[in-house]
Structures are given as structure tokens and as C-alpha cells.
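A.B. asks: Okay, so here is structure.cif, and as you'll see once you scroll down, it has mmCIF, N, CA and C atoms.
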data_work
#
loop_
_atom_site.label_atom_id
_atom_site.label_comp_id
_atom_site.auth_asym_id
_atom_site.auth_seq_id
_atom_site.Cartn_x
_atom_site.Cartn_y
_atom_site.Cartn_z
N MET Z 1 46.05 6.52 -22.40
CA MET Z 1 44.69 5.97 -22.51
C MET Z 1 43.88 6.21 -21.23
N TYR Z 2 42.62 6.33 -21.40
CA TYR Z 2 41.72 6.50 -20.25
C TYR Z 2 41.68 5.22 -19.44
N ASN Z 3 41.98 5.35 -18.17
CA ASN Z 3 41.92 4.18 -17.29
C ASN Z 3 40.90 4.43 -16.19
N PRO Z 4 39.83 3.71 -16.22
CA PRO Z 4 38.75 4.00 -15.26
C PRO Z 4 39.07 3.55 -13.83
N VAL Z 5 40.10 2.80 -13.61
CA VAL Z 5 40.39 2.33 -12.26
C VAL Z 5 41.14 3.42 -11.49
N TYR Z 6 40.56 3.85 -10.39
CA TYR Z 6 41.08 4.97 -9.62
C TYR Z 6 42.50 4.73 -9.13
N GLY Z 7 43.38 5.72 -9.37
CA GLY Z 7 44.72 5.67 -8.79
C GLY Z 7 45.73 4.83 -9.55
N THR Z 8 45.34 4.21 -10.64
CA THR Z 8 46.28 3.34 -11.33
C THR Z 8 46.98 4.05 -12.50
N ASN Z 9 46.53 5.25 -12.82
CA ASN Z 9 47.13 5.97 -13.93
C ASN Z 9 47.35 7.42 -13.54
N ARG Z 10 48.59 7.82 -13.38
CA ARG Z 10 48.88 9.17 -12.89
C ARG Z 10 48.64 10.25 -13.94
N LEU Z 11 48.76 9.87 -15.17
CA LEU Z 11 48.62 10.88 -16.23
C LEU Z 11 47.17 11.22 -16.53
N PHE Z 12 46.32 10.22 -16.54
CA PHE Z 12 44.91 10.43 -16.88
C PHE Z 12 44.03 10.02 -15.72
N SER Z 13 43.61 11.01 -14.97
CA SER Z 13 42.73 10.72 -13.84
C SER Z 13 41.37 10.27 -14.37
N CYS Z 14 40.67 9.49 -13.57
CA CYS Z 14 39.34 9.06 -14.01
C CYS Z 14 38.31 10.18 -13.84
N TYR Z 15 38.68 11.27 -13.16
CA TYR Z 15 37.79 12.42 -13.08
C TYR Z 15 38.25 13.47 -14.09
N SER Z 16 37.31 14.01 -14.83
CA SER Z 16 37.68 15.09 -15.74
C SER Z 16 37.89 16.35 -14.90
N PRO Z 17 38.73 17.30 -15.34
CA PRO Z 17 39.13 18.45 -14.52
C PRO Z 17 37.95 19.26 -13.97
N CYS Z 18 36.89 19.42 -14.77
CA CYS Z 18 35.79 20.28 -14.31
C CYS Z 18 35.00 19.63 -13.18
N MET Z 19 35.14 18.32 -12.98
CA MET Z 19 34.36 17.64 -11.95
C MET Z 19 35.06 17.64 -10.59
N THR Z 20 36.33 18.00 -10.56
CA THR Z 20 37.09 17.82 -9.33
C THR Z 20 36.63 18.74 -8.21
N THR Z 21 36.14 19.96 -8.54
CA THR Z 21 35.81 20.91 -7.49
C THR Z 21 34.39 20.75 -6.97
N PHE Z 22 33.56 19.98 -7.65
CA PHE Z 22 32.17 19.84 -7.23
C PHE Z 22 31.87 18.40 -6.83
N LYS Z 23 31.06 18.28 -5.80
CA LYS Z 23 30.59 16.93 -5.44
C LYS Z 23 29.45 16.52 -6.34
N LEU Z 24 29.34 15.25 -6.58
CA LEU Z 24 28.22 14.76 -7.39
C LEU Z 24 26.93 14.87 -6.58
N ALA Z 25 25.83 14.83 -7.29
CA ALA Z 25 24.53 14.91 -6.62
C ALA Z 25 24.31 13.67 -5.75
N HIS Z 26 23.73 13.90 -4.58
CA HIS Z 26 23.37 12.79 -3.70
C HIS Z 26 21.85 12.78 -3.56
N ALA Z 27 21.27 11.62 -3.72
CA ALA Z 27 19.84 11.51 -3.50
C ALA Z 27 19.58 11.16 -2.04
N TYR Z 28 18.53 11.69 -1.46
CA TYR Z 28 18.18 11.28 -0.11
C TYR Z 28 16.67 11.21 0.04
N VAL Z 29 16.22 10.37 0.94
CA VAL Z 29 14.79 10.24 1.21
C VAL Z 29 14.58 10.46 2.70
N PRO Z 30 13.83 11.49 3.08
CA PRO Z 30 13.59 11.70 4.50
C PRO Z 30 12.85 10.51 5.11
N PHE Z 31 13.17 10.15 6.33
CA PHE Z 31 12.52 9.02 6.98
C PHE Z 31 11.10 9.41 7.39
N GLN Z 32 10.18 8.51 7.08
CA GLN Z 32 8.78 8.81 7.38
C GLN Z 32 8.47 8.56 8.86
N HIS Z 33 7.64 9.44 9.45
CA HIS Z 33 7.18 9.20 10.82
C HIS Z 33 5.67 9.16 10.84
N LEU Z 34 5.15 8.28 11.65
CA LEU Z 34 3.70 8.10 11.69
C LEU Z 34 3.03 9.28 12.39
N ASN Z 35 2.19 10.00 11.66
CA ASN Z 35 1.38 11.05 12.29
C ASN Z 35 -0.05 10.55 12.35
N CYS Z 36 -0.95 11.26 11.73
CA CYS Z 36 -2.31 10.76 11.67
C CYS Z 36 -2.48 9.98 10.36
N ILE Z 37 -3.45 9.10 10.32
CA ILE Z 37 -3.72 8.38 9.07
C ILE Z 37 -5.19 8.58 8.69
N TYR Z 38 -5.47 8.39 7.40
CA TYR Z 38 -6.84 8.52 6.92
C TYR Z 38 -7.70 7.38 7.45
N PRO Z 39 -9.00 7.63 7.63
CA PRO Z 39 -9.91 6.50 7.89
C PRO Z 39 -9.92 5.59 6.66
N PRO Z 40 -10.22 4.29 6.84
CA PRO Z 40 -10.06 3.31 5.76
C PRO Z 40 -10.67 3.71 4.42
N MET Z 41 -11.91 4.22 4.45
CA MET Z 41 -12.58 4.50 3.17
C MET Z 41 -11.87 5.61 2.40
N LEU Z 42 -11.44 6.64 3.12
CA LEU Z 42 -10.72 7.75 2.47
C LEU Z 42 -9.36 7.26 1.98
N GLY Z 43 -8.73 6.37 2.75
CA GLY Z 43 -7.46 5.79 2.35
C GLY Z 43 -7.58 5.01 1.05
N LEU Z 44 -8.64 4.21 0.97
CA LEU Z 44 -8.86 3.41 -0.25
C LEU Z 44 -9.05 4.32 -1.46
N GLU Z 45 -9.80 5.40 -1.26
CA GLU Z 45 -10.05 6.33 -2.37
C GLU Z 45 -8.79 7.09 -2.76
N SER Z 46 -7.93 7.38 -1.78
CA SER Z 46 -6.73 8.19 -2.06
C SER Z 46 -5.55 7.35 -2.54
N GLY Z 47 -5.62 6.04 -2.30
CA GLY Z 47 -4.50 5.19 -2.70
C GLY Z 47 -3.40 5.14 -1.65
N THR Z 48 -3.58 5.81 -0.53
CA THR Z 48 -2.64 5.74 0.59
C THR Z 48 -3.38 6.14 1.86
N ILE Z 49 -2.94 5.61 3.01
CA ILE Z 49 -3.57 6.04 4.26
C ILE Z 49 -2.75 7.14 4.92
N PHE Z 50 -1.60 7.50 4.29
CA PHE Z 50 -0.74 8.52 4.88
C PHE Z 50 -0.95 9.86 4.17
N PRO Z 51 -1.50 10.87 4.86
CA PRO Z 51 -1.77 12.16 4.22
C PRO Z 51 -0.52 12.77 3.58
N GLU Z 52 0.65 12.56 4.23
CA GLU Z 52 1.87 13.16 3.70
C GLU Z 52 2.32 12.51 2.39
N LEU Z 53 1.77 11.35 2.07
CA LEU Z 53 2.14 10.68 0.80
C LEU Z 53 1.09 10.88 -0.29
N ASN Z 54 0.01 11.55 0.07
CA ASN Z 54 -1.07 11.72 -0.89
C ASN Z 54 -0.78 12.90 -1.82
N SER Z 55 -0.30 12.61 -3.03
CA SER Z 55 -0.09 13.68 -4.00
C SER Z 55 -0.63 13.24 -5.34
N PRO Z 56 -1.92 13.46 -5.56
CA PRO Z 56 -2.55 13.01 -6.79
C PRO Z 56 -1.89 13.64 -8.02
N TYR Z 57 -1.79 12.86 -9.07
CA TYR Z 57 -1.14 13.34 -10.29
C TYR Z 57 -1.91 14.54 -10.84
N GLY Z 58 -1.20 15.61 -11.17
CA GLY Z 58 -1.86 16.75 -11.79
C GLY Z 58 -2.05 17.93 -10.87
N THR Z 59 -1.93 17.74 -9.54
CA THR Z 59 -2.17 18.86 -8.63
C THR Z 59 -0.95 19.79 -8.55
N ASP Z 60 0.25 19.23 -8.67
CA ASP Z 60 1.44 20.05 -8.63
C ASP Z 60 1.99 20.22 -10.05
N PRO Z 61 1.91 21.45 -10.62
CA PRO Z 61 2.31 21.64 -12.02
C PRO Z 61 3.77 21.27 -12.29
N GLU Z 62 4.61 21.37 -11.24
CA GLU Z 62 6.03 21.07 -11.43
C GLU Z 62 6.25 19.59 -11.75
N TYR Z 63 5.36 18.75 -11.25
CA TYR Z 63 5.51 17.32 -11.48
C TYR Z 63 4.45 16.77 -12.43
N THR Z 64 3.88 17.64 -13.22
CA THR Z 64 2.88 17.20 -14.18
C THR Z 64 3.43 17.40 -15.58
N VAL Z 65 3.50 16.34 -16.35
CA VAL Z 65 4.14 16.41 -17.65
C VAL Z 65 3.18 16.86 -18.74
N ASP Z 66 2.05 16.21 -18.82
CA ASP Z 66 1.17 16.46 -19.98
C ASP Z 66 0.00 17.37 -19.61
N GLU Z 67 0.25 18.68 -19.68
CA GLU Z 67 -0.91 19.55 -19.45
C GLU Z 67 -0.88 20.75 -20.34
N MET L 68 -30.79 -4.47 0.08
CA MET L 68 -30.06 -5.71 0.40
C MET L 68 -28.77 -5.78 -0.40
N GLU L 69 -28.87 -5.61 -1.73
CA GLU L 69 -27.69 -5.62 -2.59
C GLU L 69 -26.76 -4.48 -2.22
N LEU L 70 -27.37 -3.34 -1.84
CA LEU L 70 -26.59 -2.16 -1.47
C LEU L 70 -25.80 -2.43 -0.19
N GLU L 71 -26.46 -3.08 0.76
CA GLU L 71 -25.79 -3.42 2.03
C GLU L 71 -24.62 -4.35 1.78
N ARG L 72 -24.83 -5.30 0.88
CA ARG L 72 -23.80 -6.27 0.55
C ARG L 72 -22.58 -5.55 -0.05
N GLU L 73 -22.83 -4.65 -1.00
CA GLU L 73 -21.75 -3.89 -1.63
C GLU L 73 -21.02 -3.03 -0.61
N GLN L 74 -21.82 -2.42 0.30
CA GLN L 74 -21.24 -1.55 1.31
C GLN L 74 -20.28 -2.33 2.21
N LEU L 75 -20.74 -3.52 2.61
CA LEU L 75 -19.93 -4.37 3.48
C LEU L 75 -18.65 -4.81 2.75
N LEU L 76 -18.80 -5.15 1.46
CA LEU L 76 -17.64 -5.55 0.66
C LEU L 76 -16.63 -4.42 0.58
N LYS L 77 -17.15 -3.20 0.36
CA LYS L 77 -16.27 -2.04 0.22
C LYS L 77 -15.54 -1.77 1.53
N GLU L 78 -16.27 -1.95 2.63
CA GLU L 78 -15.66 -1.75 3.94
C GLU L 78 -14.53 -2.75 4.18
N ILE L 79 -14.75 -3.99 3.74
CA ILE L 79 -13.71 -5.02 3.86
C ILE L 79 -12.49 -4.63 3.03
N MET L 80 -12.75 -4.17 1.80
CA MET L 80 -11.65 -3.74 0.93
C MET L 80 -10.86 -2.61 1.58
N ALA L 81 -11.58 -1.62 2.12
CA ALA L 81 -10.93 -0.44 2.71
C ALA L 81 -10.11 -0.84 3.93
N THR L 82 -10.67 -1.74 4.75
CA THR L 82 -9.96 -2.18 5.95
C THR L 82 -8.71 -2.97 5.59
N ASP L 83 -8.83 -3.85 4.59
CA ASP L 83 -7.66 -4.61 4.14
C ASP L 83 -6.60 -3.69 3.56
N PHE L 84 -7.05 -2.66 2.85
CA PHE L 84 -6.10 -1.71 2.27
C PHE L 84 -5.32 -0.98 3.37
N SER L 85 -6.04 -0.54 4.40
CA SER L 85 -5.37 0.14 5.52
C SER L 85 -4.35 -0.78 6.17
N ALA L 86 -4.76 -2.04 6.38
CA ALA L 86 -3.84 -3.01 7.00
C ALA L 86 -2.62 -3.19 6.12
N PHE L 87 -2.82 -3.27 4.81
CA PHE L 87 -1.68 -3.52 3.93
C PHE L 87 -0.75 -2.30 3.84
N ASP L 88 -1.34 -1.09 3.85
CA ASP L 88 -0.49 0.10 3.81
C ASP L 88 0.34 0.20 5.09
N LEU L 89 -0.25 -0.17 6.23
CA LEU L 89 0.51 -0.20 7.49
C LEU L 89 1.57 -1.30 7.45
N HIS L 90 1.24 -2.40 6.80
CA HIS L 90 2.20 -3.50 6.61
C HIS L 90 3.46 -2.94 5.92
N LEU L 91 3.27 -2.16 4.85
CA LEU L 91 4.41 -1.59 4.13
C LEU L 91 5.20 -0.64 5.03
N TYR L 92 4.48 0.16 5.81
CA TYR L 92 5.14 1.10 6.73
C TYR L 92 5.96 0.32 7.76
N LEU L 93 5.38 -0.75 8.27
CA LEU L 93 6.07 -1.54 9.31
C LEU L 93 7.31 -2.26 8.77
N ASP L 94 7.35 -2.49 7.45
CA ASP L 94 8.54 -3.11 6.88
C ASP L 94 9.78 -2.24 7.12
N THR L 95 9.58 -0.92 7.16
CA THR L 95 10.73 -0.04 7.41
C THR L 95 10.74 0.52 8.83
N HIS L 96 9.66 0.31 9.60
CA HIS L 96 9.56 0.80 10.97
C HIS L 96 9.08 -0.33 11.88
N PRO L 97 9.85 -1.41 12.01
CA PRO L 97 9.34 -2.61 12.69
C PRO L 97 9.06 -2.43 14.18
N CYS L 98 9.55 -1.36 14.79
CA CYS L 98 9.33 -1.19 16.24
C CYS L 98 8.36 -0.08 16.57
N ASP L 99 7.66 0.43 15.59
CA ASP L 99 6.71 1.52 15.82
C ASP L 99 5.46 0.97 16.50
N GLN L 100 5.38 1.19 17.82
CA GLN L 100 4.29 0.59 18.61
C GLN L 100 2.91 1.04 18.15
N ARG L 101 2.80 2.30 17.80
CA ARG L 101 1.49 2.82 17.37
C ARG L 101 1.06 2.15 16.06
N ALA L 102 2.01 2.03 15.13
CA ALA L 102 1.69 1.39 13.85
C ALA L 102 1.32 -0.07 14.06
N LEU L 103 2.04 -0.74 14.98
CA LEU L 103 1.73 -2.14 15.28
C LEU L 103 0.31 -2.29 15.80
N MET L 104 -0.05 -1.40 16.74
CA MET L 104 -1.40 -1.45 17.31
C MET L 104 -2.46 -1.21 16.25
N LEU L 105 -2.21 -0.20 15.41
CA LEU L 105 -3.17 0.11 14.34
C LEU L 105 -3.29 -1.07 13.38
N TYR L 106 -2.14 -1.66 13.04
CA TYR L 106 -2.14 -2.79 12.11
C TYR L 106 -3.01 -3.92 12.66
N TYR L 107 -2.77 -4.29 13.93
CA TYR L 107 -3.54 -5.40 14.50
C TYR L 107 -5.01 -5.06 14.62
N SER L 108 -5.31 -3.79 14.90
CA SER L 108 -6.73 -3.45 15.01
C SER L 108 -7.42 -3.57 13.66
N TYR L 109 -6.71 -3.23 12.58
CA TYR L 109 -7.32 -3.36 11.26
C TYR L 109 -7.45 -4.83 10.83
N VAL L 110 -6.44 -5.63 11.18
CA VAL L 110 -6.52 -7.05 10.85
C VAL L 110 -7.71 -7.69 11.58
N GLN L 111 -7.86 -7.27 12.85
CA GLN L 111 -8.96 -7.79 13.65
C GLN L 111 -10.32 -7.36 13.06
N LYS L 112 -10.39 -6.08 12.70
CA LYS L 112 -11.63 -5.55 12.13
C LYS L 112 -11.95 -6.26 10.82
N SER L 113 -10.92 -6.49 10.02
CA SER L 113 -11.13 -7.16 8.74
C SER L 113 -11.68 -8.57 8.95
N GLY L 114 -11.12 -9.29 9.92
CA GLY L 114 -11.60 -10.63 10.23
C GLY L 114 -13.06 -10.61 10.67
N TYR L 115 -13.37 -9.62 11.50
CA TYR L 115 -14.74 -9.49 12.00
C TYR L 115 -15.71 -9.22 10.85
N LEU L 116 -15.33 -8.28 9.97
CA LEU L 116 -16.19 -7.93 8.84
C LEU L 116 -16.35 -9.10 7.87
N LYS L 117 -15.26 -9.85 7.66
CA LYS L 117 -15.33 -11.00 6.75
C LYS L 117 -16.25 -12.08 7.31
N ASN L 118 -16.14 -12.30 8.63
CA ASN L 118 -17.06 -13.27 9.25
C ASN L 118 -18.50 -12.84 9.08
N GLN L 119 -18.73 -11.55 9.31
CA GLN L 119 -20.09 -11.03 9.19
C GLN L 119 -20.59 -11.20 7.75
N TYR L 120 -19.73 -10.90 6.79
CA TYR L 120 -20.11 -11.02 5.39
C TYR L 120 -20.43 -12.48 5.04
N GLU L 121 -19.56 -13.37 5.47
CA GLU L 121 -19.73 -14.78 5.09
C GLU L 121 -20.95 -15.42 5.77
N ARG L 122 -21.27 -14.93 6.97
CA ARG L 122 -22.48 -15.43 7.62
C ARG L 122 -23.70 -15.04 6.81
N GLN L 123 -23.68 -13.82 6.26
CA GLN L 123 -24.87 -13.33 5.56
C GLN L 123 -24.92 -13.70 4.10
N TYR L 124 -23.74 -13.67 3.43
CA TYR L 124 -23.79 -13.76 1.96
C TYR L 124 -23.00 -14.92 1.38
N GLY L 125 -22.33 -15.72 2.20
CA GLY L 125 -21.56 -16.83 1.66
C GLY L 125 -20.08 -16.50 1.56
N PRO L 126 -19.29 -17.51 1.17
CA PRO L 126 -17.83 -17.37 1.21
C PRO L 126 -17.29 -16.25 0.34
N LEU L 127 -16.23 -15.62 0.82
CA LEU L 127 -15.58 -14.52 0.10
C LEU L 127 -14.52 -15.05 -0.86
N ASN L 128 -13.58 -15.82 -0.33
CA ASN L 128 -12.58 -16.48 -1.16
C ASN L 128 -13.03 -17.93 -1.25
N SER L 129 -12.15 -18.81 -1.63
CA SER L 129 -12.60 -20.19 -1.55
C SER L 129 -12.78 -20.48 -0.06
N PRO L 130 -13.84 -21.23 0.27
CA PRO L 130 -14.36 -21.28 1.64
C PRO L 130 -13.31 -21.44 2.73
N ARG L 131 -13.37 -20.55 3.74
CA ARG L 131 -12.45 -20.63 4.87
C ARG L 131 -13.00 -21.58 5.92
N PHE L 132 -14.33 -21.75 5.91
CA PHE L 132 -14.94 -22.65 6.90
C PHE L 132 -15.48 -23.87 6.19
N PHE L 133 -15.03 -25.00 6.67
CA PHE L 133 -15.37 -26.23 5.98
C PHE L 133 -16.79 -26.67 6.30
N ASN L 134 -17.53 -26.95 5.27
CA ASN L 134 -18.87 -27.49 5.45
C ASN L 134 -18.91 -28.83 4.74
N SER L 135 -19.13 -29.89 5.52
CA SER L 135 -19.00 -31.23 4.94
C SER L 135 -20.23 -31.63 4.12
N TYR L 136 -21.30 -30.80 4.19
CA TYR L 136 -22.51 -31.19 3.48
C TYR L 136 -22.60 -30.62 2.08
N ARG L 137 -21.98 -29.45 1.92
CA ARG L 137 -22.18 -28.79 0.63
C ARG L 137 -21.02 -27.85 0.32
N TRP L 138 -20.63 -27.79 -0.92
CA TRP L 138 -19.61 -26.86 -1.40
C TRP L 138 -20.28 -25.51 -1.61
N GLN L 139 -20.13 -24.59 -0.61
CA GLN L 139 -20.94 -23.38 -0.60
C GLN L 139 -20.47 -22.31 -1.59
N TRP L 140 -19.29 -22.52 -2.12
CA TRP L 140 -18.72 -21.51 -3.02
C TRP L 140 -19.67 -21.17 -4.17
N ILE L 141 -20.39 -22.19 -4.67
CA ILE L 141 -21.25 -21.96 -5.83
C ILE L 141 -22.60 -21.35 -5.46
N ASP L 142 -22.84 -21.12 -4.15
CA ASP L 142 -24.15 -20.59 -3.76
C ASP L 142 -24.27 -19.07 -3.90
N SER L 143 -23.14 -18.35 -3.82
CA SER L 143 -23.22 -16.90 -3.97
C SER L 143 -23.54 -16.58 -5.43
N PRO L 144 -24.20 -15.43 -5.64
CA PRO L 144 -24.48 -15.08 -7.04
C PRO L 144 -23.19 -14.81 -7.81
N TRP L 145 -23.08 -15.31 -9.01
CA TRP L 145 -21.92 -15.04 -9.86
C TRP L 145 -22.04 -13.63 -10.40
N PRO L 146 -20.92 -13.03 -10.81
CA PRO L 146 -20.97 -11.64 -11.26
C PRO L 146 -22.04 -11.39 -12.32
N TRP L 147 -22.27 -12.36 -13.22
CA TRP L 147 -23.26 -12.14 -14.28
C TRP L 147 -24.69 -12.38 -13.80
N GLU L 148 -24.81 -12.87 -12.56
CA GLU L 148 -26.16 -13.09 -12.04
C GLU L 148 -26.68 -11.92 -11.22
N ARG L 149 -25.81 -10.94 -10.97
CA ARG L 149 -26.24 -9.81 -10.14
C ARG L 149 -26.91 -8.75 -10.99
N GLN L 150 -27.93 -8.11 -10.39
CA GLN L 150 -28.61 -7.05 -11.14
C GLN L 150 -27.99 -5.71 -10.78
#
Would you write the structure of this file as C-alpha cells?
C.D. replies:
Amino acid sequence: MYNPVYGTNRLFSCYSPCMTTFKLAHAYVPFQHLNCIYPPMLGLESGTIFPELNSPYGTDPEYTVDE
Amino acid sequence: MELEREQLLKEIMATDFSAFDLHLYLDTHPCDQRALMLYYSYVQKSGYLKNQYERQYGPLNSPRFFNSYRWQWIDSPWPWERQ
């Protein structure tokens, strides 16, 4: 039987054979550093005061679903 | 006059937004001296603008300054009274 607890069952590993040679995906988020910021009015209009975070929906086709 | 009032309100909104966005940044960067300075300068500016607004047009939120003679909250035009 499949036993999900690691190391407790020698016959049926909790990893399937095809997964053993590859590492699983790791998510990471680069740490933000303060550069320049928008003046208040532009920040309010953009929804952020950080230029590096300003990515309006629809400008990058890769991240636009309905077009 | 109405235009000036709106302009001042928008400036207050924009300043508060900048302060709040820096607030979020500081949650993950609590020792960033530049961000701290910017944050305090925006908080200060916001206070200054709010005082200026309230001197000219009446209370923004429920009154921050107590007036024992009159409840000034009802003196500003209500949204349906503005042209």
C-alpha cells in the first residue's frame, strides 16, 4: 500500500520513480530595494509609488488573459 | 473655489497614499533610513494639508478639533449639495 510517511515503507517510496531525479519547483521573490519613487499624484494614479512594481494589466501580453 | 477644494482633497489623498505605500514597504524593510525619512515627510505633509483643508472647508473626518459651541461636521456641503 502507498504510505505517504517518508522512510516508513521500504517497498513503496512516497516519491514516484520519475520524480527522483528532478527537484521540485521552488518559488522565490527577489527582495525589493528602494530606488526612486513616483511623486504622490502619479503614485495615486498608478496604484503604486514604486516604478518597479508598476505593471498595468494588459501591457505585457504574456500576463494578459483576455485579449 | 470648488476646484481648489477638489484639488486640495486630491492632494491629501495622494499624500496619504504615498505614506501608506511606504508603510507597506517599511513592514518588510524596518531599518531603511531613506524610506523612514520619506514616510515621515509624507505624514507631516498630510497633516499640514489636512489642517489647511479643515481651516478653509471644515472637518474632513469626524472633527479632529473640538469646538464646544457647534458640531461643525454638518456645516460642510453634503455630497448631494455640491454642484
A.B. asks: Translate the PyMOL selection byres ((chain L) within 6 of (chain Z)) into a concrete residue list for this structure, as number ranges by chain.
C.D. replies: L: 81-82, 85
A.B. asks: As AutoDock Vina command-line options, what would the box around stretch 87-98 of chain L look like: edges along x, y and z, 4 Å added on every side, centre and edge lengths in Å to one decimal?
C.D. replies:
--center_x 4.0 --center_y -1.2 --center_z 10.2 --size_x 21.6 --size_y 12.6 --size_z 20.8
A.B. asks: I'd like the residues picked by the PyMOL selection byres (((chain L and resi 109-117 and name CA) around 9) and name CA) written out as a list of chain:residue names, using the chain letters and numbers from the file.
C.D. replies: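 Those residues are L:Leu75, L:Leu76, L:Glu78, L:Ile79, L:Met80, L:Thr82, L:Asp83, L:Ser85, L:Ala86, L:Met104, L:Leu105, L:Tyr106, L:Tyr107, L:Ser108, L:Asn118, L:Gln119, L:Tyr120, L:Glu121, L:Arg122, L:Pro126, L:Leu127.
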A.B. asks: Let's have the selection written as a PDB file, in the frame of the given file, with N, CA and C atoms.
C.D. replies:
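result10.pdb, freshly written:
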ATOM      1  N   LEU L  75     -20.740  -3.520   2.610  1.00  0.00           N
ATOM      2  CA  LEU L  75     -19.930  -4.370   3.480  1.00  0.00           C
ATOM      3  C   LEU L  75     -18.650  -4.810   2.750  1.00  0.00           C
ATOM      4  N   LEU L  76     -18.800  -5.150   1.460  1.00  0.00           N
ATOM      5  CA  LEU L  76     -17.640  -5.550   0.660  1.00  0.00           C
ATOM      6  C   LEU L  76     -16.630  -4.420   0.580  1.00  0.00           C
ATOM      7  N   GLU L  78     -16.270  -1.950   2.630  1.00  0.00           N
ATOM      8  CA  GLU L  78     -15.660  -1.750   3.940  1.00  0.00           C
ATOM      9  C   GLU L  78     -14.530  -2.750   4.180  1.00  0.00           C
ATOM     10  N   ILE L  79     -14.750  -3.990   3.740  1.00  0.00           N
ATOM     11  CA  ILE L  79     -13.710  -5.020   3.860  1.00  0.00           C
ATOM     12  C   ILE L  79     -12.490  -4.630   3.030  1.00  0.00           C
ATOM     13  N   MET L  80     -12.750  -4.170   1.800  1.00  0.00           N
ATOM     14  CA  MET L  80     -11.650  -3.740   0.930  1.00  0.00           C
ATOM     15  C   MET L  80     -10.860  -2.610   1.580  1.00  0.00           C
ATOM     16  N   THR L  82     -10.670  -1.740   4.750  1.00  0.00           N
ATOM     17  CA  THR L  82      -9.960  -2.180   5.950  1.00  0.00           C
ATOM     18  C   THR L  82      -8.710  -2.970   5.590  1.00  0.00           C
ATOM     19  N   ASP L  83      -8.830  -3.850   4.590  1.00  0.00           N
ATOM     20  CA  ASP L  83      -7.660  -4.610   4.140  1.00  0.00           C
ATOM     21  C   ASP L  83      -6.600  -3.690   3.560  1.00  0.00           C
ATOM     22  N   SER L  85      -6.040  -0.540   4.400  1.00  0.00           N
ATOM     23  CA  SER L  85      -5.370   0.140   5.520  1.00  0.00           C
ATOM     24  C   SER L  85      -4.350  -0.780   6.170  1.00  0.00           C
ATOM     25  N   ALA L  86      -4.760  -2.040   6.380  1.00  0.00           N
ATOM     26  CA  ALA L  86      -3.840  -3.010   7.000  1.00  0.00           C
ATOM     27  C   ALA L  86      -2.620  -3.190   6.120  1.00  0.00           C
ATOM     28  N   MET L 104      -0.050  -1.400  16.740  1.00  0.00           N
ATOM     29  CA  MET L 104      -1.400  -1.450  17.310  1.00  0.00           C
ATOM     30  C   MET L 104      -2.460  -1.210  16.250  1.00  0.00           C
ATOM     31  N   LEU L 105      -2.210  -0.200  15.410  1.00  0.00           N
ATOM     32  CA  LEU L 105      -3.170   0.110  14.340  1.00  0.00           C
ATOM     33  C   LEU L 105      -3.290  -1.070  13.380  1.00  0.00           C
ATOM     34  N   TYR L 106      -2.140  -1.660  13.040  1.00  0.00           N
ATOM     35  CA  TYR L 106      -2.140  -2.790  12.110  1.00  0.00           C
ATOM     36  C   TYR L 106      -3.010  -3.920  12.660  1.00  0.00           C
ATOM     37  N   TYR L 107      -2.770  -4.290  13.930  1.00  0.00           N
ATOM     38  CA  TYR L 107      -3.540  -5.400  14.500  1.00  0.00           C
ATOM     39  C   TYR L 107      -5.010  -5.060  14.620  1.00  0.00           C
ATOM     40  N   SER L 108      -5.310  -3.790  14.900  1.00  0.00           N
ATOM     41  CA  SER L 108      -6.730  -3.450  15.010  1.00  0.00           C
ATOM     42  C   SER L 108      -7.420  -3.570  13.660  1.00  0.00           C
ATOM     43  N   ASN L 118     -16.140 -12.300   8.630  1.00  0.00           N
ATOM     44  CA  ASN L 118     -17.060 -13.270   9.250  1.00  0.00           C
ATOM     45  C   ASN L 118     -18.500 -12.840   9.080  1.00  0.00           C
ATOM     46  N   GLN L 119     -18.730 -11.550   9.310  1.00  0.00           N
ATOM     47  CA  GLN L 119     -20.090 -11.030   9.190  1.00  0.00           C
ATOM     48  C   GLN L 119     -20.590 -11.200   7.750  1.00  0.00           C
ATOM     49  N   TYR L 120     -19.730 -10.900   6.790  1.00  0.00           N
ATOM     50  CA  TYR L 120     -20.110 -11.020   5.390  1.00  0.00           C
ATOM     51  C   TYR L 120     -20.430 -12.480   5.040  1.00  0.00           C
ATOM     52  N   GLU L 121     -19.560 -13.370   5.470  1.00  0.00           N
ATOM     53  CA  GLU L 121     -19.730 -14.780   5.090  1.00  0.00           C
ATOM     54  C   GLU L 121     -20.950 -15.420   5.770  1.00  0.00           C
ATOM     55  N   ARG L 122     -21.270 -14.930   6.970  1.00  0.00           N
ATOM     56  CA  ARG L 122     -22.480 -15.430   7.620  1.00  0.00           C
ATOM     57  C   ARG L 122     -23.700 -15.040   6.810  1.00  0.00           C
ATOM     58  N   PRO L 126     -19.290 -17.510   1.170  1.00  0.00           N
ATOM     59  CA  PRO L 126     -17.830 -17.370   1.210  1.00  0.00           C
ATOM     60  C   PRO L 126     -17.290 -16.250   0.340  1.00  0.00           C
ATOM     61  N   LEU L 127     -16.230 -15.620   0.820  1.00  0.00           N
ATOM     62  CA  LEU L 127     -15.580 -14.520   0.100  1.00  0.00           C
ATOM     63  C   LEU L 127     -14.520 -15.050  -0.860  1.00  0.00           C
TER      64      LEU L 127
END
A.B. asks: For the atom pair atom CA of L:Pro97 and atom CA of Z:Pro56, what is the interatomic distance in Å to one decimal place?
C.D. replies: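 Pair atom CA of L:Pro97 / atom CA of Z:Pro56 returns 27.7 Å.
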A.B. asks: Using Å and a single decimal, report how far atom N of Z:Val65 sits from atom CA of Z:Leu24.
C.D. replies: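 So the two atoms, atom CA of Z:Leu24 and atom N of Z:Val65, lie 26.3 Å apart.
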A.B. asks: Report the distance between atom N of L:Gly125 and atom N of L:Leu70 in Å, rounded to one decimal place.
C.D. replies: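 We find that atom N of L:Gly125 and atom N of L:Leu70 lie 14.0 Å from each other.
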A.B. asks: Would you kindly return, as JSON, numbers by chain, each protein, DNA or RNA residue with an atom no farther than 9 Å from any atom of L:Tyr124, considering only C-alpha atoms and excluding same-chain residues fewer than 5 positions away?
C.D. replies: {"L": [72, 119, 142, 143]}
A.B. asks: Identify, with DSSP run on backbone atoms, the residues in chain L assigned to alpha helix (DSSP H), and express the list as a PyMOL selection string.
C.D. replies: chain L and resi 69-95+100-124
A.B. asks: Copy stretch 97-107 of chain L out of the block into a file, keeping C-alpha atoms, as a tab-separated table (two decimals), in the first residue's frame.
C.D. replies:
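Printed below is result.tsv as written:
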chain	number	residue	atom	x	y	z
L	97	PRO	CA	12.05	48.33	9.00
L	98	CYS	CA	15.58	49.78	9.05
L	99	ASP	CA	15.58	51.54	5.68
L	100	GLN	CA	16.55	55.07	6.74
L	101	ARG	CA	15.59	56.67	3.44
L	102	ALA	CA	12.15	55.07	3.48
L	103	LEU	CA	11.67	56.15	7.10
L	104	MET	CA	12.53	59.74	6.23
L	105	LEU	CA	10.23	59.73	3.23
L	106	TYR	CA	7.43	58.19	5.28
L	107	TYR	CA	7.65	60.84	7.99
